[in-house]
Structure formats: structure tokens, C-alpha cells
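> Starting off with a structure, shown below.
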Amino acid sequence: MTEAVREIPLSRPWLDEREEELVLEVLRSGRLSLGPWIDRFEEQVAERVGAPYAAALSSGTAGLHLLCKIAELGTGDEVITSPLSFVSSANCFILEGATPVFADVDPVTLNLDPAAVEAAITERTRAIVPVDMFGLPCELDELRTIADRNGLALIEDACESLGAEYRGRPLGAHGPSAVFAFYPNKQMATGEGGIVTTHSEDEWQLLRSLRNQGRSYDGGGGWFHHVRVGMNYRWTDIQAAIGLAQLEKLDRILELREAAAARYGELLEDVGGVETPFAGDGDHKRSWFVYVVKLDADLDRAAVMDALRREGVATAEYVPCIHLQPYMQERYRFAAGLCPVAEEVSRRTLALPFFTQIEASDQHRVVEVLSAAVANAA
Ligand SMILES: *Cc1c(COP(=O)(O)O)cnc(C)c1O
């Protein structure tokens, strides 16, 4: 019998006694939803990112969807977004009836190229949904100028980017409403969850009403009094307790992830055929979400990934282009060639195991296995 190889997972949340302790406190309080833990979490996130208000929701997708509802995006409207993202960043306005328009990305930052956004604007354009992909801030100032000049809403998908900074200030502080998410592979994990940070008190109150079946938030009317059509996008105090414990160690989480990324960078320096991700610069401080490398064009990515998996090293294509997803091609007739830069990146990139507590010895093993796989796939 062959010896079992030790698996190195793609991601894993960092949970310890503190999360257990706070969750137990919530359970013992008997108040599982709409309780004080959510308020406390919202206050702390708002303060952390430098926004006056924050509303927690059941997921990042829920937050993006409510912002699209509040912007009144609907049938006949076009919304410009990135093809190199998770499907939520387009689905959030498709759910409201608006049409996706994909602008290409910059080959280095992998974020929306402002010139491509500008070129995609038509008379029907109503909004831009930029994504801070893989934890790297998008070109917020340029996109904001374009949005302001054309009277467009700007909804920032920062779901992968809690802790990132643009031009010296955290994402969330800059003005546009931003959405962060807490699925277990994100920097901060609560199981499920998301939060919208906003600089508008009216928008904040609307978010609180819309997430809770359209109930009013001025306290009037009681539980069965509904002032608008809303959803059940409520979060729970159990998740908020996990979130509060995660917030306590967020600085450490970000530090450890940055150190792990730097270690991969050093280890991969001399590995031919593998390009490491852009680490950021003075204007863009990355919050490390995943570690995605790009293989040389002549390498067989599928063979490299198979070789990694055979050795117990988890990997994934990161990420397929949204416009080439089956439902997108069917519904809108999008085809390959629409966004050549994004398509080329997404054909050649793969994610390596990356999480807060990844051990240096495991990173060494990942890189050893990867270099051997790349040498064989050449
Ligand atoms: C994680 C993520 C979301 C939100 O995901 P949920 O699972 O709904 O919390 C949205 N956009 C991007 C780019 C993401 O990575």
C-alpha cells in the first residue's frame, strides 16, 4: 500500500477558543437574531474602515443586491462590471433586470481598466460595479470621476478586500458604498455573512429595512408593519459573535497573510514559467485574499493542476470569466474574445493553498511540487 499523502487545503479559517467563548455567550443569552451583537459588529466594522454606517447581511451577495435595488437598477439599464470576478458582482443587478456589460481588466492589477469602462458607456448605462479583485483596490478615483461625469451609480464589490487600502485610506472610507463578505475562505470568516459600509444615513436605514422584510426602522408600527417590499437578508447574532472574535485578531490575520504571500514570492522567485501576483504599490495596499499564480502560455495548466492534486496540494482555476459561464453565454450570447485580457489571465492562472495559518513547511512543499509539475508540463 502507498503511504497516504498529506493534504494541504486551499483555504481554512482561523477559529479558536475566542470564537467558541463568544458564540456560547450568544447561545446562553437566548437572543439569536436582531440582537446587540450585530449592532456591535456593525459599529466596529464601520470604525475600522472609516465609514459612518454599516449594515450586516446574510451574505456579500445580499449586500450587493440591496445596493442595486436602492440604486433602482432595472430593465433596460446597462451596468458595467468586471468579467474577472465571482458571479455575484454581475448577478446582483441581473436579479433586478439590468443587463451586464463587461469591460476588460488591466493585465497587472486584474481590476477594471478605467479606459475600457469609459469606452463601454452608452446612453443606457446606469451604474458601474467595480471589484477589488483578490484583495487589490480597484482604480477608485478614476472610476469615481467617470461615474460622476456620467451620472452613474458606483457600487464597490470589496468582498475579497477587507483591510485593503487605496491611496492611504481603507476601502470603505472613500465614499462609494462598499460590500465586504465573510464566507469561510475570506480574510475574516463567520460561516456566511456580509456587510455594507456607507456614508449615507438614508441608505443605511433603507438597508436595515430591506434586509428585514421592509419593516420600518423608526420603531413605529411594530413587527407586522411593513413599509416597503423587502427581503429576509438578516444575519444572526451567532455569526456576529464569530465576527467580533475575528475582528479582534484582524490585524494579526492580515499580517500573517502578508507574510505568507511574501514567503511564496521568495520561494517562487527562481521557478521558471510561474509568474507571481502583483504585490501592490504606494496607491494600492493589497489585503491578501488568495495566492494566484500565472503559468507561461506554453504550459499545460490542466497537467500542472493534476500533478499538484496527486501530491495532495489543493488547487483551483481562479477564476473563470463570468461572461463565459454557461448561463451567461446562453442568456446574452457572450462569446470568447469579448474581453481578451481577462480571458487570457483566466486561462493561465491557478490558486495555491493560502490561508492565515499556513505553515512555512507546507508552502515549501507546495512550491517543490509546483516546480516539478511545471518542469514536466513544459
Ligand atoms: C465572496 C465574494 C462575494 C460574495 O459572496 P457571498 O458568498 O455572497 O458572501 C461577492 N463578490 C466577490 C468578488 C467575492 O469574492
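Labeling convention for the C-alpha cells: chains A, B, ... as they appear, residues from 1 per chain, ligands from 1 in order of appearance.
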Counting only C-alpha atoms and all ligand atoms, which residues of chain A fall within 9 Å of ligand 1, and what is the closest atom pair for each with its distance in Å at one decimal, ordered by chain and rising number, as a Markdown table?


```
| residue | atom | partner | partner_atom_place_in_ligand_line | distance |
| --- | --- | --- | --- | --- |
| A:Ser58 | CA | ligand 1 | 9 (O) | 7.6 |
| A:Ser59 | CA | ligand 1 | 9 (O) | 4.0 |
| A:Gly60 | CA | ligand 1 | 9 (O) | 3.6 |
| A:Thr61 | CA | ligand 1 | 8 (O) | 3.6 |
| A:Ala62 | CA | ligand 1 | 8 (O) | 6.4 |
| A:Gly63 | CA | ligand 1 | 8 (O) | 8.1 |
| A:Leu64 | CA | ligand 1 | 10 (C) | 7.6 |
| A:Leu84 | CA | ligand 1 | 13 (C) | 8.6 |
| A:Ser85 | CA | ligand 1 | 13 (C) | 5.1 |
| A:Phe86 | CA | ligand 1 | 13 (C) | 4.5 |
| A:Val87 | CA | ligand 1 | 11 (N) | 6.9 |
| A:Ser88 | CA | ligand 1 | 10 (C) | 5.0 |
| A:Ser89 | CA | ligand 1 | 11 (N) | 5.3 |
| A:Ala90 | CA | ligand 1 | 11 (N) | 8.8 |
| A:Val131 | CA | ligand 1 | 13 (C) | 6.2 |
| A:Asp132 | CA | ligand 1 | 13 (C) | 7.3 |
| A:Met133 | CA | ligand 1 | 13 (C) | 6.3 |
| A:Phe134 | CA | ligand 1 | 15 (O) | 7.6 |
| A:Asp157 | CA | ligand 1 | 11 (N) | 5.8 |
| A:Ala158 | CA | ligand 1 | 13 (C) | 7.0 |
| A:Cys159 | CA | ligand 1 | 2 (C) | 4.8 |
| A:Glu160 | CA | ligand 1 | 15 (O) | 4.9 |
| A:Ser161 | CA | ligand 1 | 15 (O) | 8.6 |
| A:Val179 | CA | ligand 1 | 10 (C) | 8.0 |
| A:Phe180 | CA | ligand 1 | 4 (C) | 7.4 |
| A:Ala181 | CA | ligand 1 | 9 (O) | 4.7 |
| A:Phe182 | CA | ligand 1 | 9 (O) | 5.9 |
| A:Tyr183 | CA | ligand 1 | 9 (O) | 5.3 |
| A:Pro184 | CA | ligand 1 | 7 (O) | 9.0 |
| A:Asn185 | CA | ligand 1 | 1 (C) | 8.1 |
| A:Lys186 | CA | ligand 1 | 1 (C) | 7.0 |
| A:Glu192 | CA | ligand 1 | 9 (O) | 6.2 |
| A:Gly193 | CA | ligand 1 | 9 (O) | 5.6 |
| A:Gly194 | CA | ligand 1 | 9 (O) | 5.7 |
| A:Phe289 | CA | ligand 1 | 15 (O) | 9.0 |
```

> So that I can check the surroundings of region 198-207 of chain A, please list as a PDB file with all heavy atoms, in the first residue's frame every protein, DNA and RNA residue that reaches within 10 Å of it, counting only C-alpha atoms and ignoring chain neighbours fewer than 6 positions away.


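Result written to result.pdb:
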```pdb
ATOM      1  N   ALA A  46     -17.570  49.579  10.859  1.00  0.00           N
ATOM      2  CA  ALA A  46     -17.648  50.954  10.353  1.00  0.00           C
ATOM      3  C   ALA A  46     -16.432  51.748  10.810  1.00  0.00           C
ATOM      4  O   ALA A  46     -15.783  52.438  10.019  1.00  0.00           O
ATOM      5  CB  ALA A  46     -18.943  51.611  10.826  1.00  0.00           C
ATOM      6  N   GLY A  50     -13.496  53.228   8.425  1.00  0.00           N
ATOM      7  CA  GLY A  50     -13.624  54.676   8.278  1.00  0.00           C
ATOM      8  C   GLY A  50     -14.871  55.110   7.540  1.00  0.00           C
ATOM      9  O   GLY A  50     -14.851  56.058   6.745  1.00  0.00           O
ATOM     10  N   ALA A  51     -15.980  54.401   7.778  1.00  0.00           N
ATOM     11  CA  ALA A  51     -17.280  54.812   7.226  1.00  0.00           C
ATOM     12  C   ALA A  51     -18.214  55.077   8.397  1.00  0.00           C
ATOM     13  O   ALA A  51     -18.120  54.407   9.428  1.00  0.00           O
ATOM     14  CB  ALA A  51     -17.855  53.711   6.330  1.00  0.00           C
ATOM     15  N   PRO A  52     -19.129  56.028   8.265  1.00  0.00           N
ATOM     16  CA  PRO A  52     -20.014  56.317   9.403  1.00  0.00           C
ATOM     17  C   PRO A  52     -21.056  55.235   9.689  1.00  0.00           C
ATOM     18  O   PRO A  52     -21.516  55.120  10.822  1.00  0.00           O
ATOM     19  CB  PRO A  52     -20.696  57.629   9.010  1.00  0.00           C
ATOM     20  CG  PRO A  52     -20.470  57.809   7.564  1.00  0.00           C
ATOM     21  CD  PRO A  52     -19.264  57.003   7.186  1.00  0.00           C
ATOM     22  N   TYR A  53     -21.454  54.457   8.699  1.00  0.00           N
ATOM     23  CA  TYR A  53     -22.522  53.467   8.899  1.00  0.00           C
ATOM     24  C   TYR A  53     -22.152  52.127   8.287  1.00  0.00           C
ATOM     25  O   TYR A  53     -21.458  52.075   7.264  1.00  0.00           O
ATOM     26  CB  TYR A  53     -23.833  53.932   8.249  1.00  0.00           C
ATOM     27  CG  TYR A  53     -24.226  55.336   8.619  1.00  0.00           C
ATOM     28  CD1 TYR A  53     -23.960  56.399   7.756  1.00  0.00           C
ATOM     29  CD2 TYR A  53     -24.834  55.603   9.848  1.00  0.00           C
ATOM     30  CE1 TYR A  53     -24.296  57.698   8.102  1.00  0.00           C
ATOM     31  CE2 TYR A  53     -25.172  56.904  10.200  1.00  0.00           C
ATOM     32  CZ  TYR A  53     -24.901  57.953   9.326  1.00  0.00           C
ATOM     33  OH  TYR A  53     -25.230  59.222   9.677  1.00  0.00           O
ATOM     34  N   ALA A  54     -22.694  51.064   8.882  1.00  0.00           N
ATOM     35  CA  ALA A  54     -22.510  49.727   8.310  1.00  0.00           C
ATOM     36  C   ALA A  54     -23.744  48.888   8.608  1.00  0.00           C
ATOM     37  O   ALA A  54     -24.325  48.984   9.692  1.00  0.00           O
ATOM     38  CB  ALA A  54     -21.265  49.056   8.890  1.00  0.00           C
ATOM     39  N   ALA A  55     -24.163  48.089   7.637  1.00  0.00           N
ATOM     40  CA  ALA A  55     -25.317  47.198   7.814  1.00  0.00           C
ATOM     41  C   ALA A  55     -24.898  45.770   7.471  1.00  0.00           C
ATOM     42  O   ALA A  55     -24.459  45.495   6.351  1.00  0.00           O
ATOM     43  CB  ALA A  55     -26.475  47.637   6.916  1.00  0.00           C
ATOM     44  N   ALA A  56     -25.034  44.862   8.440  1.00  0.00           N
ATOM     45  CA  ALA A  56     -24.649  43.464   8.225  1.00  0.00           C
ATOM     46  C   ALA A  56     -25.809  42.710   7.580  1.00  0.00           C
ATOM     47  O   ALA A  56     -26.974  42.994   7.848  1.00  0.00           O
ATOM     48  CB  ALA A  56     -24.273  42.818   9.554  1.00  0.00           C
ATOM     49  N   LEU A  57     -25.443  41.748   6.728  1.00  0.00           N
ATOM     50  CA  LEU A  57     -26.452  40.996   5.982  1.00  0.00           C
ATOM     51  C   LEU A  57     -26.058  39.523   5.938  1.00  0.00           C
ATOM     52  O   LEU A  57     -24.964  39.154   6.325  1.00  0.00           O
ATOM     53  CB  LEU A  57     -26.528  41.541   4.548  1.00  0.00           C
ATOM     54  CG  LEU A  57     -26.954  43.002   4.489  1.00  0.00           C
ATOM     55  CD1 LEU A  57     -26.071  43.780   3.565  1.00  0.00           C
ATOM     56  CD2 LEU A  57     -28.395  43.093   4.088  1.00  0.00           C
ATOM     57  N   GLY A  63     -25.778  41.961   0.137  1.00  0.00           N
ATOM     58  CA  GLY A  63     -25.415  43.373   0.224  1.00  0.00           C
ATOM     59  C   GLY A  63     -25.349  44.022  -1.142  1.00  0.00           C
ATOM     60  O   GLY A  63     -25.881  45.125  -1.360  1.00  0.00           O
ATOM     61  N   LEU A  66     -28.934  44.447  -2.520  1.00  0.00           N
ATOM     62  CA  LEU A  66     -29.698  45.564  -1.945  1.00  0.00           C
ATOM     63  C   LEU A  66     -29.190  46.910  -2.463  1.00  0.00           C
ATOM     64  O   LEU A  66     -29.988  47.825  -2.705  1.00  0.00           O
ATOM     65  CB  LEU A  66     -29.663  45.515  -0.418  1.00  0.00           C
ATOM     66  CG  LEU A  66     -30.452  44.368   0.229  1.00  0.00           C
ATOM     67  CD1 LEU A  66     -30.550  44.577   1.739  1.00  0.00           C
ATOM     68  CD2 LEU A  66     -31.851  44.212  -0.372  1.00  0.00           C
ATOM     69  N   LEU A  67     -27.891  47.042  -2.668  1.00  0.00           N
ATOM     70  CA  LEU A  67     -27.381  48.313  -3.215  1.00  0.00           C
ATOM     71  C   LEU A  67     -27.900  48.531  -4.635  1.00  0.00           C
ATOM     72  O   LEU A  67     -28.196  49.665  -5.027  1.00  0.00           O
ATOM     73  CB  LEU A  67     -25.849  48.346  -3.182  1.00  0.00           C
ATOM     74  CG  LEU A  67     -25.211  48.517  -1.800  1.00  0.00           C
ATOM     75  CD1 LEU A  67     -23.687  48.474  -1.908  1.00  0.00           C
ATOM     76  CD2 LEU A  67     -25.662  49.818  -1.126  1.00  0.00           C
ATOM     77  N   LYS A  69     -30.787  47.401  -5.747  1.00  0.00           N
ATOM     78  CA  LYS A  69     -32.194  47.757  -5.537  1.00  0.00           C
ATOM     79  C   LYS A  69     -32.321  49.234  -5.176  1.00  0.00           C
ATOM     80  O   LYS A  69     -33.147  49.959  -5.728  1.00  0.00           O
ATOM     81  CB  LYS A  69     -32.748  46.941  -4.365  1.00  0.00           C
ATOM     82  CG  LYS A  69     -33.861  46.005  -4.735  1.00  0.00           C
ATOM     83  CD  LYS A  69     -34.383  45.331  -3.474  1.00  0.00           C
ATOM     84  CE  LYS A  69     -35.069  44.026  -3.822  1.00  0.00           C
ATOM     85  NZ  LYS A  69     -36.008  44.100  -4.925  1.00  0.00           N
ATOM     86  N   ILE A  70     -31.482  49.680  -4.250  1.00  0.00           N
ATOM     87  CA  ILE A  70     -31.548  51.066  -3.790  1.00  0.00           C
ATOM     88  C   ILE A  70     -31.197  52.027  -4.932  1.00  0.00           C
ATOM     89  O   ILE A  70     -31.775  53.108  -5.047  1.00  0.00           O
ATOM     90  CB  ILE A  70     -30.621  51.271  -2.561  1.00  0.00           C
ATOM     91  CG1 ILE A  70     -31.229  50.536  -1.352  1.00  0.00           C
ATOM     92  CG2 ILE A  70     -30.413  52.749  -2.249  1.00  0.00           C
ATOM     93  CD1 ILE A  70     -30.306  50.417  -0.157  1.00  0.00           C
ATOM     94  N   ALA A  71     -30.273  51.610  -5.811  1.00  0.00           N
ATOM     95  CA  ALA A  71     -29.913  52.443  -6.975  1.00  0.00           C
ATOM     96  C   ALA A  71     -30.993  52.374  -8.057  1.00  0.00           C
ATOM     97  O   ALA A  71     -30.871  53.021  -9.094  1.00  0.00           O
ATOM     98  CB  ALA A  71     -28.560  52.007  -7.534  1.00  0.00           C
ATOM     99  N   GLY A 172     -13.754  51.445   1.826  1.00  0.00           N
ATOM    100  CA  GLY A 172     -14.913  51.709   2.679  1.00  0.00           C
ATOM    101  C   GLY A 172     -14.918  53.160   3.139  1.00  0.00           C
ATOM    102  O   GLY A 172     -15.965  53.736   3.413  1.00  0.00           O
ATOM    103  N   ALA A 173     -13.716  53.773   3.199  1.00  0.00           N
ATOM    104  CA  ALA A 173     -13.604  55.146   3.691  1.00  0.00           C
ATOM    105  C   ALA A 173     -13.784  56.176   2.585  1.00  0.00           C
ATOM    106  O   ALA A 173     -13.936  57.359   2.851  1.00  0.00           O
ATOM    107  CB  ALA A 173     -12.229  55.356   4.337  1.00  0.00           C
ATOM    108  N   HIS A 174     -13.757  55.734   1.336  1.00  0.00           N
ATOM    109  CA  HIS A 174     -13.605  56.669   0.223  1.00  0.00           C
ATOM    110  C   HIS A 174     -14.878  57.336  -0.273  1.00  0.00           C
ATOM    111  O   HIS A 174     -14.807  58.262  -1.083  1.00  0.00           O
ATOM    112  CB  HIS A 174     -12.903  55.975  -0.945  1.00  0.00           C
ATOM    113  CG  HIS A 174     -11.479  55.627  -0.617  1.00  0.00           C
ATOM    114  ND1 HIS A 174     -10.419  56.404  -0.984  1.00  0.00           N
ATOM    115  CD2 HIS A 174     -10.960  54.601   0.098  1.00  0.00           C
ATOM    116  CE1 HIS A 174      -9.293  55.869  -0.524  1.00  0.00           C
ATOM    117  NE2 HIS A 174      -9.598  54.780   0.129  1.00  0.00           N
ATOM    118  N   GLY A 175     -16.029  56.852   0.146  1.00  0.00           N
ATOM    119  CA  GLY A 175     -17.267  57.477  -0.310  1.00  0.00           C
ATOM    120  C   GLY A 175     -18.250  56.478  -0.896  1.00  0.00           C
ATOM    121  O   GLY A 175     -19.354  56.313  -0.371  1.00  0.00           O
ATOM    122  N   PRO A 176     -17.866  55.778  -1.983  1.00  0.00           N
ATOM    123  CA  PRO A 176     -18.820  54.803  -2.532  1.00  0.00           C
ATOM    124  C   PRO A 176     -19.164  53.731  -1.489  1.00  0.00           C
ATOM    125  O   PRO A 176     -18.305  53.340  -0.698  1.00  0.00           O
ATOM    126  CB  PRO A 176     -18.044  54.177  -3.702  1.00  0.00           C
ATOM    127  CG  PRO A 176     -16.986  55.151  -4.055  1.00  0.00           C
ATOM    128  CD  PRO A 176     -16.633  55.865  -2.782  1.00  0.00           C
ATOM    129  N   SER A 177     -20.397  53.270  -1.517  1.00  0.00           N
ATOM    130  CA  SER A 177     -20.779  52.183  -0.623  1.00  0.00           C
ATOM    131  C   SER A 177     -20.016  50.935  -1.038  1.00  0.00           C
ATOM    132  O   SER A 177     -19.899  50.642  -2.224  1.00  0.00           O
ATOM    133  CB  SER A 177     -22.284  51.930  -0.724  1.00  0.00           C
ATOM    134  OG  SER A 177     -22.959  53.115  -0.368  1.00  0.00           O
ATOM    135  N   ALA A 178     -19.492  50.218  -0.046  1.00  0.00           N
ATOM    136  CA  ALA A 178     -18.669  49.041  -0.334  1.00  0.00           C
ATOM    137  C   ALA A 178     -19.249  47.834   0.394  1.00  0.00           C
ATOM    138  O   ALA A 178     -19.827  47.962   1.475  1.00  0.00           O
ATOM    139  CB  ALA A 178     -17.224  49.284   0.100  1.00  0.00           C
ATOM    140  N   VAL A 179     -19.089  46.672  -0.230  1.00  0.00           N
ATOM    141  CA  VAL A 179     -19.602  45.436   0.366  1.00  0.00           C
ATOM    142  C   VAL A 179     -18.440  44.501   0.673  1.00  0.00           C
ATOM    143  O   VAL A 179     -17.591  44.258  -0.190  1.00  0.00           O
ATOM    144  CB  VAL A 179     -20.578  44.728  -0.593  1.00  0.00           C
ATOM    145  CG1 VAL A 179     -21.191  43.502   0.074  1.00  0.00           C
ATOM    146  CG2 VAL A 179     -21.668  45.680  -1.067  1.00  0.00           C
ATOM    147  N   GLY A 214     -38.727  44.759   4.860  1.00  0.00           N
ATOM    148  CA  GLY A 214     -39.338  46.070   4.648  1.00  0.00           C
ATOM    149  C   GLY A 214     -39.990  46.661   5.885  1.00  0.00           C
ATOM    150  O   GLY A 214     -40.838  47.547   5.779  1.00  0.00           O
ATOM    151  N   ARG A 215     -39.566  46.170   7.044  1.00  0.00           N
ATOM    152  CA  ARG A 215     -40.098  46.777   8.280  1.00  0.00           C
ATOM    153  C   ARG A 215     -39.516  48.184   8.418  1.00  0.00           C
ATOM    154  O   ARG A 215     -38.429  48.471   7.910  1.00  0.00           O
ATOM    155  CB  ARG A 215     -39.709  45.934   9.492  1.00  0.00           C
ATOM    156  CG  ARG A 215     -40.432  44.597   9.528  1.00  0.00           C
ATOM    157  CD  ARG A 215     -40.122  43.817  10.799  1.00  0.00           C
ATOM    158  NE  ARG A 215     -41.025  42.685  10.897  1.00  0.00           N
ATOM    159  CZ  ARG A 215     -40.757  41.464  10.429  1.00  0.00           C
ATOM    160  NH1 ARG A 215     -39.608  41.207   9.854  1.00  0.00           N
ATOM    161  NH2 ARG A 215     -41.653  40.498  10.545  1.00  0.00           N
ATOM    162  N   SER A 216     -40.218  49.050   9.144  1.00  0.00           N
ATOM    163  CA  SER A 216     -39.712  50.417   9.311  1.00  0.00           C
ATOM    164  C   SER A 216     -38.688  50.426  10.440  1.00  0.00           C
ATOM    165  O   SER A 216     -38.746  49.617  11.361  1.00  0.00           O
ATOM    166  CB  SER A 216     -40.849  51.375   9.623  1.00  0.00           C
ATOM    167  OG  SER A 216     -41.136  51.342  10.993  1.00  0.00           O
ATOM    168  N   TYR A 217     -37.738  51.322  10.344  1.00  0.00           N
ATOM    169  CA  TYR A 217     -36.708  51.361  11.374  1.00  0.00           C
ATOM    170  C   TYR A 217     -36.856  52.531  12.334  1.00  0.00           C
ATOM    171  O   TYR A 217     -36.015  52.743  13.188  1.00  0.00           O
ATOM    172  CB  TYR A 217     -35.307  51.295  10.745  1.00  0.00           C
ATOM    173  CG  TYR A 217     -34.761  49.910  10.915  1.00  0.00           C
ATOM    174  CD1 TYR A 217     -34.978  48.944   9.949  1.00  0.00           C
ATOM    175  CD2 TYR A 217     -34.133  49.529  12.096  1.00  0.00           C
ATOM    176  CE1 TYR A 217     -34.548  47.643  10.135  1.00  0.00           C
ATOM    177  CE2 TYR A 217     -33.698  48.235  12.285  1.00  0.00           C
ATOM    178  CZ  TYR A 217     -33.905  47.299  11.316  1.00  0.00           C
ATOM    179  OH  TYR A 217     -33.479  46.012  11.507  1.00  0.00           O
ATOM    180  N   ASP A 218     -37.945  53.288  12.197  1.00  0.00           N
ATOM    181  CA  ASP A 218     -38.131  54.368  13.169  1.00  0.00           C
ATOM    182  C   ASP A 218     -38.867  53.845  14.404  1.00  0.00           C
ATOM    183  O   ASP A 218     -39.219  54.605  15.299  1.00  0.00           O
ATOM    184  CB  ASP A 218     -38.903  55.537  12.529  1.00  0.00           C
ATOM    185  CG  ASP A 218     -40.260  55.103  11.985  1.00  0.00           C
ATOM    186  OD1 ASP A 218     -40.692  53.975  12.291  1.00  0.00           O
ATOM    187  OD2 ASP A 218     -40.881  55.883  11.247  1.00  0.00           O
ATOM    188  N   ARG A 228     -42.332  48.751   2.908  1.00  0.00           N
ATOM    189  CA  ARG A 228     -41.854  48.545   1.539  1.00  0.00           C
ATOM    190  C   ARG A 228     -41.657  47.047   1.319  1.00  0.00           C
ATOM    191  O   ARG A 228     -41.702  46.267   2.267  1.00  0.00           O
ATOM    192  CB  ARG A 228     -40.544  49.303   1.298  1.00  0.00           C
ATOM    193  CG  ARG A 228     -39.435  48.938   2.259  1.00  0.00           C
ATOM    194  CD  ARG A 228     -38.161  49.714   1.969  1.00  0.00           C
ATOM    195  NE  ARG A 228     -38.338  51.152   2.075  1.00  0.00           N
ATOM    196  CZ  ARG A 228     -38.307  51.824   3.225  1.00  0.00           C
ATOM    197  NH1 ARG A 228     -38.104  51.196   4.381  1.00  0.00           N
ATOM    198  NH2 ARG A 228     -38.483  53.123   3.249  1.00  0.00           N
ATOM    199  N   GLY A 230     -39.527  44.059   1.052  1.00  0.00           N
ATOM    200  CA  GLY A 230     -38.156  43.757   1.477  1.00  0.00           C
ATOM    201  C   GLY A 230     -37.845  42.281   1.319  1.00  0.00           C
ATOM    202  O   GLY A 230     -38.609  41.519   0.728  1.00  0.00           O
ATOM    203  N   TYR A 233     -32.844  39.131   4.444  1.00  0.00           N
ATOM    204  CA  TYR A 233     -31.390  39.075   4.280  1.00  0.00           C
ATOM    205  C   TYR A 233     -30.729  39.298   5.641  1.00  0.00           C
ATOM    206  O   TYR A 233     -29.635  39.830   5.729  1.00  0.00           O
ATOM    207  CB  TYR A 233     -30.922  40.143   3.292  1.00  0.00           C
ATOM    208  CG  TYR A 233     -31.078  39.773   1.816  1.00  0.00           C
ATOM    209  CD1 TYR A 233     -30.892  40.741   0.834  1.00  0.00           C
ATOM    210  CD2 TYR A 233     -31.368  38.473   1.412  1.00  0.00           C
ATOM    211  CE1 TYR A 233     -31.002  40.429  -0.511  1.00  0.00           C
ATOM    212  CE2 TYR A 233     -31.487  38.159   0.061  1.00  0.00           C
ATOM    213  CZ  TYR A 233     -31.297  39.137  -0.897  1.00  0.00           C
ATOM    214  OH  TYR A 233     -31.392  38.836  -2.239  1.00  0.00           O
TER     215      TYR A 233
END
```

> List as a ChimeraX atom specification the protein and nucleic acid residues near Ala314 (chain A), meaning an atom at most 7 Å away when only C-alpha atoms are counted, but skip any in the same chain fewer than 5 places from it.

/A:8-10,308-309,352-353

> Can those selected residues be exported to a file as a short mmCIF file (atom, residue, chain, number, x, y, z; two decimals), in the first residue's frame so that it contains C-alpha atoms?


```cif
data_model
loop_
_atom_site.label_atom_id
_atom_site.label_comp_id
_atom_site.auth_asym_id
_atom_site.auth_seq_id
_atom_site.Cartn_x
_atom_site.Cartn_y
_atom_site.Cartn_z
CA ILE A 8 -2.78 20.86 2.02
CA PRO A 9 -6.16 22.61 1.66
CA LEU A 10 -6.80 25.66 -0.50
CA LEU A 308 -0.49 19.20 -7.66
CA ARG A 309 -3.63 17.28 -6.68
CA LEU A 352 -2.24 27.77 -4.49
CA PRO A 353 -3.11 26.81 -0.90
#
```

> Would you pick out the contacts of Leu15 (chain A) at 9 Å or less, using only C-alpha atoms, so that residues sharing its chain but fewer than 5 positions from it are not included, and give the list as a list in words?

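What passes the distance filter is Glu20, Ala189, Ile242, Ala245 and Gln246 of chain A.
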
> Would you mind telling me which residue in A:Gly280, A:Pro130, A:Pro100, A:Pro83 lies nearest to Tyr166 (chain A) when using only C-alpha atoms?

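For Tyr166 (chain A), the nearest of the candidates is A:Gly280.
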
> Do a neighbour search on Arg257 (chain A) at 9 Å with only C-alpha atoms, toss out local chain neighbours closer than 6 positions, and write the hits as a PyMOL selection string.

chain A and resi 187+287-289+354-358

> Taking the DSSP assignment computed from this structure's backbone, write out as a ChimeraX atom specification all residues of region 85-231 of chain A that belong to helix (DSSP H, G or I).

/A:88-94,114-120,133-135,140-150,201-210

> Pick out the closest residue to Gly312 (chain A) from this set: A:Asp362, A:Asp296, A:Glu43, A:Glu330. Count only C-alpha atoms.

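Of the candidates, the smallest distance to Gly312 (chain A) is held by A:Asp362.
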